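*Asks:* Sharing a structure below in structure tokens format, with a few things to ask.
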Amino acid sequence: MSLIDLLTGNTGNQLAEQAENKFGISKNQVIALLAVAAPLIISYLRNKSQDSKEAEALNNALDKDHNGSILNDASQIESRQAEGGSILDHIFGGQKSTVENQLSQNTGISIDKIGPILAMLAPVVMGYIGQQKQQNNVSAGGLGDLLGGILGNASNQAQAQQSNPLNDILGSVLGGGGQSQSSGNPLNDILGSVLGGGNQQQGGGGLGSILGNILGGK
């Protein structure tokens with residue numbers, strides 16, 4: 001199962017429906033957020049895994065708590081939200097508030113709801129990585145390559161199947177859309193069209209710069 005399959009399939013839809021019911025946000029907005037936030041989380045983890053101690057800690061966490069069962073048990077999505085908040089604190093560190101602000105600006109979802117939705121997403125992403133780790137028999141030393149492969153496969157799939165607006169978002173995020181400068185950010189344009197005229201901010205920096213720096217044009 002690819003990252004796109006995760007987001008567009010049953011798990012992603014159940015997460016979006018739970019967030020819609022809990023926070024009163026349209027399902028399309030939530031899915032657009034997931035399409036940007038999931039590769040962002042994986043990219044941060046990939047960068048962290050370049051450090052051997054971080055890779056070992058991630059490997060242990062995956063073995064202990066993230067075997068992929070959440071992908072087949074939607075009740076865990078909400079029940080593990082507090083755990084998800086702790087995961088995000090570790091992944092983003094001091095950049096967490098910046099990431100949340102930029103995601104809020106680019107999706108039109110209010111800042112007070114971004115964090116809780118990301119906290120619902122984090123255990124799902126970790127469960128997916130844990131499942132992929134098991135299926136590919138990867139140890140701590142191979143996590144960086146595994147995470148890079150997840151992003152690369154998602155990029156290829158998104159660019160090959162562009163009829164789906166979600167794939168357009170993922171293609172932009174993973175295919176270099178994050179390299180745009182302060183005007184004409186295609187990621188903002190795509191989000192705006194998907195969200196029905198959502199936030200069109202073209203401010204300097206922003207999500208495009210964050211994604212560009214982290215993904216390095218992947």
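In the structure tokens, chains take the letters A, B, ... in the order shown, each chain's residues start at 1, and ligands count up from 1 in the order shown.
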Show which residues sit within 8 Å of region 63-74 of chain A, as a count of residues only. Count only C-alpha atoms, and ignore same-chain residues fewer than 4 positions away.

*Replies:* 14

*Asks:* Can you work out the spacing between CA of Val30 (chain A) and CA of Ala16 (chain A) in Å, to one decimal?

*Replies:* 5.6 Å

*Asks:* Figure out the distance between CA of Asn137 (chain A) and CA of Ala55 (chain A), please, to one decimal in Å.

*Replies:* 15.0 Å

*Asks:* May I ask for the distance between CA of Gln157 (chain A) and CA of Glu20 (chain A), given in Å to one decimal place?

*Replies:* 26.8 Å

*Asks:* So which residues of region 20-190 of chain A fall under helix (DSSP H, G or I) by DSSP, listed as a ChimeraX atom specification?

*Replies:* /A:20-23,27-48,52-65,69-72,75-79,81-107,111-135,140-160,165-174,177-179,186-190
